[in-house]
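Colleague: Input structure: run25.cif, which contains mmCIF, C-alpha atoms.
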data_data
#
loop_
_atom_site.label_atom_id
_atom_site.label_comp_id
_atom_site.auth_asym_id
_atom_site.auth_seq_id
_atom_site.Cartn_x
_atom_site.Cartn_y
_atom_site.Cartn_z
CA VAL A 10 -21.16 -8.02 -4.40
CA LEU A 11 -17.43 -8.73 -4.80
CA GLY A 12 -17.58 -9.10 -8.58
CA LEU A 13 -16.25 -12.67 -8.46
CA GLY A 14 -19.34 -14.34 -9.95
CA ASN A 15 -17.41 -15.80 -12.90
CA TYR A 16 -15.14 -17.91 -10.68
CA PRO A 17 -15.90 -21.39 -9.34
CA VAL A 18 -17.06 -21.57 -5.74
CA ASN A 19 -15.28 -24.19 -3.66
CA HIS A 20 -16.79 -25.33 -0.38
CA CYS A 21 -14.05 -26.02 2.18
CA PRO A 22 -14.37 -28.77 4.79
CA ARG A 23 -13.67 -26.32 7.66
CA GLY A 24 -13.84 -22.66 8.47
CA LEU A 25 -11.49 -20.30 10.32
CA ASN A 26 -11.52 -17.77 13.14
CA GLY A 27 -14.49 -19.28 14.97
CA TYR A 28 -16.56 -19.96 11.83
CA SER A 29 -17.36 -23.60 11.10
CA ALA A 30 -17.79 -23.26 7.32
CA MET A 31 -16.03 -21.48 4.46
CA TYR A 32 -16.19 -20.96 0.71
CA GLU A 33 -13.28 -19.94 -1.51
CA VAL A 34 -13.96 -18.06 -4.72
CA GLY A 35 -11.39 -16.31 -6.91
CA GLY A 36 -8.88 -16.22 -4.05
CA ALA A 37 -11.39 -14.72 -1.60
CA ARG A 38 -12.49 -16.57 1.53
CA VAL A 39 -16.07 -16.27 2.72
CA LEU A 40 -16.49 -17.52 6.31
CA TYR A 41 -19.94 -18.29 7.72
CA LYS A 42 -21.73 -20.38 10.37
CA GLY A 43 -20.35 -18.56 13.39
CA THR A 44 -22.30 -17.40 16.42
CA PRO A 45 -25.43 -15.35 15.58
CA ASP A 46 -23.64 -12.03 16.23
CA MET A 47 -20.65 -12.86 13.99
CA GLY A 48 -22.31 -12.41 10.60
CA ILE A 49 -20.31 -13.29 7.50
CA HIS A 50 -16.56 -12.63 7.34
CA VAL A 51 -14.81 -12.04 3.99
CA VAL A 52 -11.01 -12.22 3.62
CA LEU A 53 -9.40 -10.70 0.53
CA SER A 54 -5.65 -11.32 0.31
CA GLY A 55 -3.27 -8.93 -1.40
CA ARG A 56 -3.01 -11.34 -4.32
CA CYS A 57 -6.80 -11.49 -4.63
CA LEU A 58 -6.96 -7.68 -4.69
CA ARG A 59 -4.21 -7.46 -7.33
CA ASP A 60 -5.76 -10.18 -9.50
CA HIS A 61 -9.37 -8.94 -9.48
CA TYR A 62 -9.56 -5.25 -8.67
CA GLU A 63 -8.02 -2.45 -10.67
CA ASN A 64 -8.69 -0.02 -7.81
CA PRO A 65 -9.17 -1.60 -4.35
CA LEU A 66 -10.30 1.79 -3.01
CA GLU A 67 -13.43 1.52 -5.16
CA LEU A 68 -14.11 -1.87 -3.59
CA ILE A 69 -13.76 -0.36 -0.09
CA GLN A 70 -16.19 2.40 -1.03
CA HIS A 71 -18.66 -0.09 -2.50
CA VAL A 72 -18.53 -2.36 0.56
CA LEU A 73 -18.94 0.58 2.96
CA LEU A 74 -22.06 1.69 1.08
CA LEU A 75 -23.49 -1.79 1.66
CA GLY A 76 -23.03 -1.32 5.41
CA ALA A 77 -20.20 -3.80 5.90
CA LYS A 78 -17.65 -3.41 8.69
CA PHE A 79 -13.91 -3.76 8.30
CA ALA A 80 -12.17 -5.91 10.90
CA ARG A 81 -8.67 -5.48 9.45
CA ILE A 82 -6.90 -3.64 6.64
CA ASP A 83 -3.27 -4.22 5.74
CA ILE A 84 -1.32 -1.72 3.65
CA ALA A 85 2.20 -2.26 2.32
CA PHE A 86 4.70 0.23 0.90
CA ASP A 87 7.63 -1.11 -1.08
CA ASP A 88 10.93 0.77 -1.28
CA TYR A 89 13.13 -0.28 -4.22
CA VAL A 90 15.60 2.59 -3.79
CA GLY A 91 16.74 2.20 -0.18
CA HIS A 92 15.22 5.36 1.26
CA ILE A 93 14.76 3.68 4.64
CA PRO A 94 17.10 0.72 5.20
CA ILE A 95 15.88 -1.77 7.79
CA SER A 96 19.15 -1.32 9.70
CA ARG A 97 18.35 2.40 10.06
CA VAL A 98 14.85 1.65 11.36
CA ARG A 99 16.33 -0.85 13.85
CA GLU A 100 18.95 1.65 15.06
CA THR A 101 16.32 4.40 15.37
CA VAL A 102 14.02 2.36 17.61
CA GLN A 103 16.92 0.94 19.63
CA ASP A 104 18.24 4.47 20.25
CA GLY A 105 14.82 5.52 21.62
CA CYS A 106 14.29 8.06 18.84
CA CYS A 107 10.66 7.19 18.03
CA VAL A 108 7.57 8.81 19.49
CA GLY A 109 4.11 7.31 19.17
CA LYS A 110 1.24 5.57 20.89
CA SER A 111 3.01 2.21 20.71
CA LYS A 112 5.16 1.49 23.72
CA LYS A 113 7.05 -1.57 22.46
CA TYR A 114 9.04 -2.69 19.47
CA PHE A 115 10.50 -6.04 18.48
CA VAL A 116 13.50 -6.85 16.30
CA LEU A 117 13.40 -10.29 14.73
CA GLN A 118 16.28 -11.78 12.76
CA ASN A 119 16.86 -15.20 11.34
CA GLY A 120 19.72 -16.70 9.42
CA LYS A 121 21.55 -19.79 8.31
CA LEU A 122 23.18 -21.54 11.24
CA SER A 123 25.90 -23.11 9.06
CA THR A 124 27.17 -19.79 7.66
CA GLY A 125 25.72 -17.11 9.93
CA GLU A 126 24.30 -15.44 6.81
CA LEU A 127 21.30 -13.22 7.52
CA ALA A 128 18.09 -14.59 5.95
CA GLY A 129 15.52 -12.19 7.37
CA GLN A 130 15.19 -9.07 9.47
CA THR A 131 12.02 -7.40 10.78
CA VAL A 132 11.38 -4.43 13.04
CA GLN A 133 7.86 -4.39 14.46
CA VAL A 134 6.40 -1.41 16.30
CA GLY A 135 3.41 -2.37 18.43
CA VAL A 136 2.21 -5.63 19.97
CA ARG A 137 -0.30 -8.20 18.67
CA THR A 138 -3.12 -6.59 20.65
CA SER A 139 -2.42 -3.10 19.23
CA SER A 140 -4.98 -1.67 16.84
CA VAL A 141 -2.11 -0.54 14.59
CA ILE A 142 1.12 -2.47 14.06
CA ALA A 143 3.91 -1.29 11.77
CA ARG A 144 6.39 -3.79 10.38
CA PHE A 145 9.55 -2.91 8.47
CA TYR A 146 11.37 -5.78 6.82
CA ASP A 147 13.71 -6.77 4.04
CA LYS A 148 11.34 -8.28 1.50
CA ARG A 149 14.25 -9.19 -0.78
CA LEU A 150 15.82 -11.41 1.90
CA GLU A 151 12.42 -13.03 2.49
CA ARG A 152 11.98 -13.76 -1.23
CA LEU A 153 15.58 -15.02 -1.59
CA GLU A 154 14.87 -17.56 1.14
CA ALA A 155 11.55 -18.60 -0.42
CA LEU A 156 13.18 -18.97 -3.86
CA SER A 157 16.28 -20.81 -2.60
CA ASP A 158 15.64 -23.68 -5.07
CA ASP A 159 15.19 -21.32 -8.04
CA PRO A 160 18.38 -19.30 -8.78
CA GLU A 161 16.83 -17.92 -11.98
CA ALA A 162 13.93 -16.37 -10.06
CA GLN A 163 16.37 -15.06 -7.44
CA GLU A 164 18.29 -13.24 -10.19
CA LYS A 165 15.11 -11.39 -11.21
CA LEU A 166 14.58 -9.91 -7.73
CA PRO A 167 15.29 -6.20 -7.30
CA ASP A 168 18.63 -5.33 -5.64
CA ILE A 169 16.77 -3.44 -2.90
CA TRP A 170 13.30 -4.31 -1.66
CA ASN A 171 12.34 -2.99 1.76
CA ARG A 172 8.75 -3.11 2.90
CA CYS A 173 6.75 -1.11 5.42
CA GLU A 174 3.56 -2.92 6.31
CA LEU A 175 0.70 -1.51 8.36
CA GLU A 176 -1.77 -3.87 10.03
CA VAL A 177 -4.83 -1.91 11.13
CA LYS A 178 -7.50 -3.72 13.17
CA SER A 179 -10.93 -3.31 14.82
CA ASN A 180 -12.25 0.23 15.21
CA ALA A 181 -9.09 1.67 13.66
CA ALA A 182 -9.71 -0.44 10.52
CA GLN A 183 -13.28 0.84 10.24
CA GLU A 184 -12.06 4.43 10.67
CA LEU A 185 -9.33 3.86 8.06
CA ALA A 186 -11.95 2.54 5.61
CA ARG A 187 -14.08 5.64 6.21
CA GLN A 188 -11.08 7.89 5.59
CA LEU A 189 -10.24 6.04 2.38
CA TYR A 190 -13.86 6.50 1.31
CA THR A 191 -13.63 10.28 1.51
CA ILE A 192 -9.95 11.04 0.92
CA GLU A 193 -9.13 8.44 -1.77
CA ASP A 194 -5.37 8.99 -1.34
CA LEU A 195 -4.08 5.73 0.09
CA ARG A 196 -0.54 7.01 0.55
CA ALA A 197 -1.56 10.14 2.49
CA VAL A 198 -3.99 8.23 4.72
CA ALA A 199 -1.54 5.37 5.39
CA LEU A 200 1.30 7.76 6.20
CA GLY A 201 -1.08 9.52 8.59
CA VAL A 202 -1.78 6.17 10.29
CA LEU A 203 1.97 5.43 10.48
CA ASN A 204 2.67 8.87 11.96
CA GLU A 205 -0.39 8.61 14.26
#
Please go through the file and, once you have read it, give me the structure as structure tokens.
Modeller:
Amino acid sequence: VLGLGNYPVNHCPRGLNGYSAMYEVGGARVLYKGTPDMGIHVVLSGRCLRDHYENPLELIQHVLLLGAKFARIDIAFDDYVGHIPISRVRETVQDGCCVGKSKKYFVLQNGKLSTGELAGQTVQVGVRTSSVIARFYDKRLERLEALSDDPEAQEKLPDIWNRCELEVKSNAAQELARQLYTIEDLRAVALGVLNE
């Protein structure tokens, strides 16, 4: 069904999310042996989608036709120009200039204690229980921290790399999948979700 039949299937000693068993194949996780009403749960990471599917929207359409349900869909937009700096997003929410269904936002920062240098900054709109959460963060800072032992790789990073990430869950994820099935314009649908 997923088109990963040419990859080895690895049985994992444990499952996740209430499932007691799991297989990994081609970067996908297939969770099973839950309660009778849980069915089978498939997790496809962003890397798995990039590695195996030229057009993830076709995969969504295929899976919907099979009658599957979507529990969560994450969509990320990367800004390499600096159209929306994270500092501007932070100032906008802190000034009370946002309107939406979400009632709360969070600003998370981390840095190096020895120098005070900023190592990460995230603005999250929505709480963990929200069906839609928007995160804005400096992906470049995140990658710089992850590549701290590899100056050569750090040099190859873009000068600006801001990310807007949408986490869409439960009924909203199923509705998003249905919209992507008919509209096929990921950007337009995702911006609609972001704008509510």
Colleague: Can you pull out the residues contacting range 59-75 of chain A? Cut-off 9 Å, using only C-alpha atoms, and skip same-chain residues under 2 positions away; I want them as an MDAnalysis selection string.
Modeller: chainID A and resid 10:13 35:36 54:57 77:79 186:187 189:191 193:195
Colleague: Please evaluate the PyMOL selection byres ((chain A and resi 38-49) around 12) against the displayed coordinates and give the resulting residues as a PDB file with C-alpha atoms, keeping the file's coordinate frame.
Modeller:
ATOM      1  CA  LEU A  11     -17.430  -8.730  -4.800  1.00  0.00           C
ATOM      2  CA  LEU A  13     -16.250 -12.670  -8.460  1.00  0.00           C
ATOM      3  CA  VAL A  18     -17.060 -21.570  -5.740  1.00  0.00           C
ATOM      4  CA  ASN A  19     -15.280 -24.190  -3.660  1.00  0.00           C
ATOM      5  CA  HIS A  20     -16.790 -25.330  -0.380  1.00  0.00           C
ATOM      6  CA  CYS A  21     -14.050 -26.020   2.180  1.00  0.00           C
ATOM      7  CA  PRO A  22     -14.370 -28.770   4.790  1.00  0.00           C
ATOM      8  CA  ARG A  23     -13.670 -26.320   7.660  1.00  0.00           C
ATOM      9  CA  GLY A  24     -13.840 -22.660   8.470  1.00  0.00           C
ATOM     10  CA  LEU A  25     -11.490 -20.300  10.320  1.00  0.00           C
ATOM     11  CA  ASN A  26     -11.520 -17.770  13.140  1.00  0.00           C
ATOM     12  CA  GLY A  27     -14.490 -19.280  14.970  1.00  0.00           C
ATOM     13  CA  TYR A  28     -16.560 -19.960  11.830  1.00  0.00           C
ATOM     14  CA  SER A  29     -17.360 -23.600  11.100  1.00  0.00           C
ATOM     15  CA  ALA A  30     -17.790 -23.260   7.320  1.00  0.00           C
ATOM     16  CA  MET A  31     -16.030 -21.480   4.460  1.00  0.00           C
ATOM     17  CA  TYR A  32     -16.190 -20.960   0.710  1.00  0.00           C
ATOM     18  CA  GLU A  33     -13.280 -19.940  -1.510  1.00  0.00           C
ATOM     19  CA  VAL A  34     -13.960 -18.060  -4.720  1.00  0.00           C
ATOM     20  CA  GLY A  35     -11.390 -16.310  -6.910  1.00  0.00           C
ATOM     21  CA  GLY A  36      -8.880 -16.220  -4.050  1.00  0.00           C
ATOM     22  CA  ALA A  37     -11.390 -14.720  -1.600  1.00  0.00           C
ATOM     23  CA  HIS A  50     -16.560 -12.630   7.340  1.00  0.00           C
ATOM     24  CA  VAL A  51     -14.810 -12.040   3.990  1.00  0.00           C
ATOM     25  CA  VAL A  52     -11.010 -12.220   3.620  1.00  0.00           C
ATOM     26  CA  LEU A  53      -9.400 -10.700   0.530  1.00  0.00           C
ATOM     27  CA  SER A  54      -5.650 -11.320   0.310  1.00  0.00           C
ATOM     28  CA  CYS A  57      -6.800 -11.490  -4.630  1.00  0.00           C
ATOM     29  CA  ALA A  77     -20.200  -3.800   5.900  1.00  0.00           C
ATOM     30  CA  LYS A  78     -17.650  -3.410   8.690  1.00  0.00           C
ATOM     31  CA  PHE A  79     -13.910  -3.760   8.300  1.00  0.00           C
ATOM     32  CA  ALA A  80     -12.170  -5.910  10.900  1.00  0.00           C
TER      33      ALA A  80
END
Colleague: Once the PyMOL selection byres ((chain A and resi 170-172) around 6) has been applied to the shown file, what residues remain in the selection, as a VMD selection string?
Modeller: chain A and resid 86 to 89 145 to 149 169 173
Colleague: Can you turn the PyMOL selection byres ((chain A and resi 113) around 12) into a concrete residue list for this file, as a list in words?
Modeller: Val102, Gln103, Gly105, Cys107, Val108, Gly109, Lys110, Ser111, Lys112, Tyr114, Phe115, Val116, Val132, Gln133, Val134, Gly135, Val136, Arg137, Thr138, Ser139, Ile142 and Ala143 of chain A
Colleague: Grab the CA of Gly76 in chain A to CA of Val177 in chain A distance for me, in Å with one decimal place.
Modeller: 19.1 Å
Colleague: Work out how far CA of Ser140 in chain A is from CA of Arg196 in chain A, in Å to one decimal.
Modeller: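 It comes out at 19.0 Å.
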Colleague: Would you mind completing range 42-53 of chain A to all heavy atoms and writing the output as a PDB file, in the frame of the given file?
Modeller:
ATOM      1  N   LYS A  42     -21.368 -19.442   9.304  1.00  0.00           N
ATOM      2  CA  LYS A  42     -21.730 -20.380  10.370  1.00  0.00           C
ATOM      3  C   LYS A  42     -20.887 -20.139  11.618  1.00  0.00           C
ATOM      4  O   LYS A  42     -20.215 -21.028  12.120  1.00  0.00           O
ATOM      5  CB  LYS A  42     -21.618 -21.842   9.921  1.00  0.00           C
ATOM      6  CG  LYS A  42     -22.721 -22.271   8.997  1.00  0.00           C
ATOM      7  CD  LYS A  42     -22.717 -23.781   8.830  1.00  0.00           C
ATOM      8  CE  LYS A  42     -23.833 -24.205   7.898  1.00  0.00           C
ATOM      9  NZ  LYS A  42     -23.806 -25.630   7.605  1.00  0.00           N
ATOM     10  N   GLY A  43     -20.941 -18.899  12.101  1.00  0.00           N
ATOM     11  CA  GLY A  43     -20.350 -18.560  13.390  1.00  0.00           C
ATOM     12  C   GLY A  43     -21.470 -18.399  14.396  1.00  0.00           C
ATOM     13  O   GLY A  43     -22.581 -18.879  14.180  1.00  0.00           O
ATOM     14  N   THR A  44     -21.227 -17.706  15.475  1.00  0.00           N
ATOM     15  CA  THR A  44     -22.300 -17.400  16.420  1.00  0.00           C
ATOM     16  C   THR A  44     -23.221 -16.376  15.766  1.00  0.00           C
ATOM     17  O   THR A  44     -22.815 -15.687  14.825  1.00  0.00           O
ATOM     18  CB  THR A  44     -21.725 -16.847  17.741  1.00  0.00           C
ATOM     19  OG1 THR A  44     -21.000 -15.656  17.458  1.00  0.00           O
ATOM     20  CG2 THR A  44     -20.812 -17.863  18.411  1.00  0.00           C
ATOM     21  N   PRO A  45     -24.467 -16.243  16.240  1.00  0.00           N
ATOM     22  CA  PRO A  45     -25.430 -15.350  15.580  1.00  0.00           C
ATOM     23  C   PRO A  45     -24.937 -13.900  15.406  1.00  0.00           C
ATOM     24  O   PRO A  45     -25.267 -13.245  14.438  1.00  0.00           O
ATOM     25  CB  PRO A  45     -26.652 -15.396  16.500  1.00  0.00           C
ATOM     26  CG  PRO A  45     -26.550 -16.724  17.172  1.00  0.00           C
ATOM     27  CD  PRO A  45     -25.082 -16.999  17.336  1.00  0.00           C
ATOM     28  N   ASP A  46     -24.109 -13.409  16.327  1.00  0.00           N
ATOM     29  CA  ASP A  46     -23.640 -12.030  16.230  1.00  0.00           C
ATOM     30  C   ASP A  46     -22.421 -11.856  15.319  1.00  0.00           C
ATOM     31  O   ASP A  46     -21.972 -10.738  15.070  1.00  0.00           O
ATOM     32  CB  ASP A  46     -23.308 -11.483  17.629  1.00  0.00           C
ATOM     33  CG  ASP A  46     -22.197 -12.270  18.298  1.00  0.00           C
ATOM     34  OD1 ASP A  46     -22.169 -13.504  18.161  1.00  0.00           O
ATOM     35  OD2 ASP A  46     -21.348 -11.639  18.965  1.00  0.00           O
ATOM     36  N   MET A  47     -21.877 -12.945  14.783  1.00  0.00           N
ATOM     37  CA  MET A  47     -20.650 -12.860  13.990  1.00  0.00           C
ATOM     38  C   MET A  47     -20.895 -12.461  12.529  1.00  0.00           C
ATOM     39  O   MET A  47     -20.002 -11.931  11.880  1.00  0.00           O
ATOM     40  CB  MET A  47     -19.883 -14.186  14.049  1.00  0.00           C
ATOM     41  CG  MET A  47     -19.249 -14.429  15.398  1.00  0.00           C
ATOM     42  SD  MET A  47     -18.539 -16.082  15.595  1.00  0.00           S
ATOM     43  CE  MET A  47     -17.198 -16.084  14.436  1.00  0.00           C
ATOM     44  N   GLY A  48     -22.062 -12.741  11.997  1.00  0.00           N
ATOM     45  CA  GLY A  48     -22.310 -12.410  10.600  1.00  0.00           C
ATOM     46  C   GLY A  48     -21.454 -13.222   9.654  1.00  0.00           C
ATOM     47  O   GLY A  48     -21.065 -14.348   9.949  1.00  0.00           O
ATOM     48  N   ILE A  49     -21.146 -12.642   8.511  1.00  0.00           N
ATOM     49  CA  ILE A  49     -20.310 -13.290   7.500  1.00  0.00           C
ATOM     50  C   ILE A  49     -19.002 -12.524   7.432  1.00  0.00           C
ATOM     51  O   ILE A  49     -18.978 -11.294   7.464  1.00  0.00           O
ATOM     52  CB  ILE A  49     -21.010 -13.291   6.129  1.00  0.00           C
ATOM     53  CG1 ILE A  49     -22.273 -14.148   6.206  1.00  0.00           C
ATOM     54  CG2 ILE A  49     -20.076 -13.798   5.039  1.00  0.00           C
ATOM     55  CD1 ILE A  49     -23.130 -14.080   4.970  1.00  0.00           C
ATOM     56  N   HIS A  50     -17.890 -13.246   7.350  1.00  0.00           N
ATOM     57  CA  HIS A  50     -16.560 -12.630   7.340  1.00  0.00           C
ATOM     58  C   HIS A  50     -15.906 -12.923   5.982  1.00  0.00           C
ATOM     59  O   HIS A  50     -15.840 -14.070   5.558  1.00  0.00           O
ATOM     60  CB  HIS A  50     -15.721 -13.225   8.468  1.00  0.00           C
ATOM     61  CG  HIS A  50     -14.418 -12.550   8.679  1.00  0.00           C
ATOM     62  ND1 HIS A  50     -14.273 -11.488   9.527  1.00  0.00           N
ATOM     63  CD2 HIS A  50     -13.202 -12.779   8.135  1.00  0.00           C
ATOM     64  CE1 HIS A  50     -13.005 -11.100   9.522  1.00  0.00           C
ATOM     65  NE2 HIS A  50     -12.349 -11.865   8.680  1.00  0.00           N
ATOM     66  N   VAL A  51     -15.435 -11.889   5.300  1.00  0.00           N
ATOM     67  CA  VAL A  51     -14.810 -12.040   3.990  1.00  0.00           C
ATOM     68  C   VAL A  51     -13.348 -11.644   4.107  1.00  0.00           C
ATOM     69  O   VAL A  51     -13.028 -10.584   4.661  1.00  0.00           O
ATOM     70  CB  VAL A  51     -15.505 -11.164   2.924  1.00  0.00           C
ATOM     71  CG1 VAL A  51     -14.821 -11.308   1.581  1.00  0.00           C
ATOM     72  CG2 VAL A  51     -16.979 -11.528   2.827  1.00  0.00           C
ATOM     73  N   VAL A  52     -12.451 -12.485   3.603  1.00  0.00           N
ATOM     74  CA  VAL A  52     -11.010 -12.220   3.620  1.00  0.00           C
ATOM     75  C   VAL A  52     -10.533 -12.098   2.179  1.00  0.00           C
ATOM     76  O   VAL A  52     -10.668 -13.033   1.392  1.00  0.00           O
ATOM     77  CB  VAL A  52     -10.240 -13.354   4.333  1.00  0.00           C
ATOM     78  CG1 VAL A  52      -8.749 -13.072   4.332  1.00  0.00           C
ATOM     79  CG2 VAL A  52     -10.758 -13.547   5.752  1.00  0.00           C
ATOM     80  N   LEU A  53      -9.969 -10.928   1.857  1.00  0.00           N
ATOM     81  CA  LEU A  53      -9.400 -10.700   0.530  1.00  0.00           C
ATOM     82  C   LEU A  53      -7.896 -10.499   0.706  1.00  0.00           C
ATOM     83  O   LEU A  53      -7.463  -9.507   1.299  1.00  0.00           O
ATOM     84  CB  LEU A  53     -10.011  -9.461  -0.128  1.00  0.00           C
ATOM     85  CG  LEU A  53     -11.518  -9.480  -0.320  1.00  0.00           C
ATOM     86  CD1 LEU A  53     -12.003  -8.139  -0.842  1.00  0.00           C
ATOM     87  CD2 LEU A  53     -11.920 -10.587  -1.276  1.00  0.00           C
TER      88      LEU A  53
END
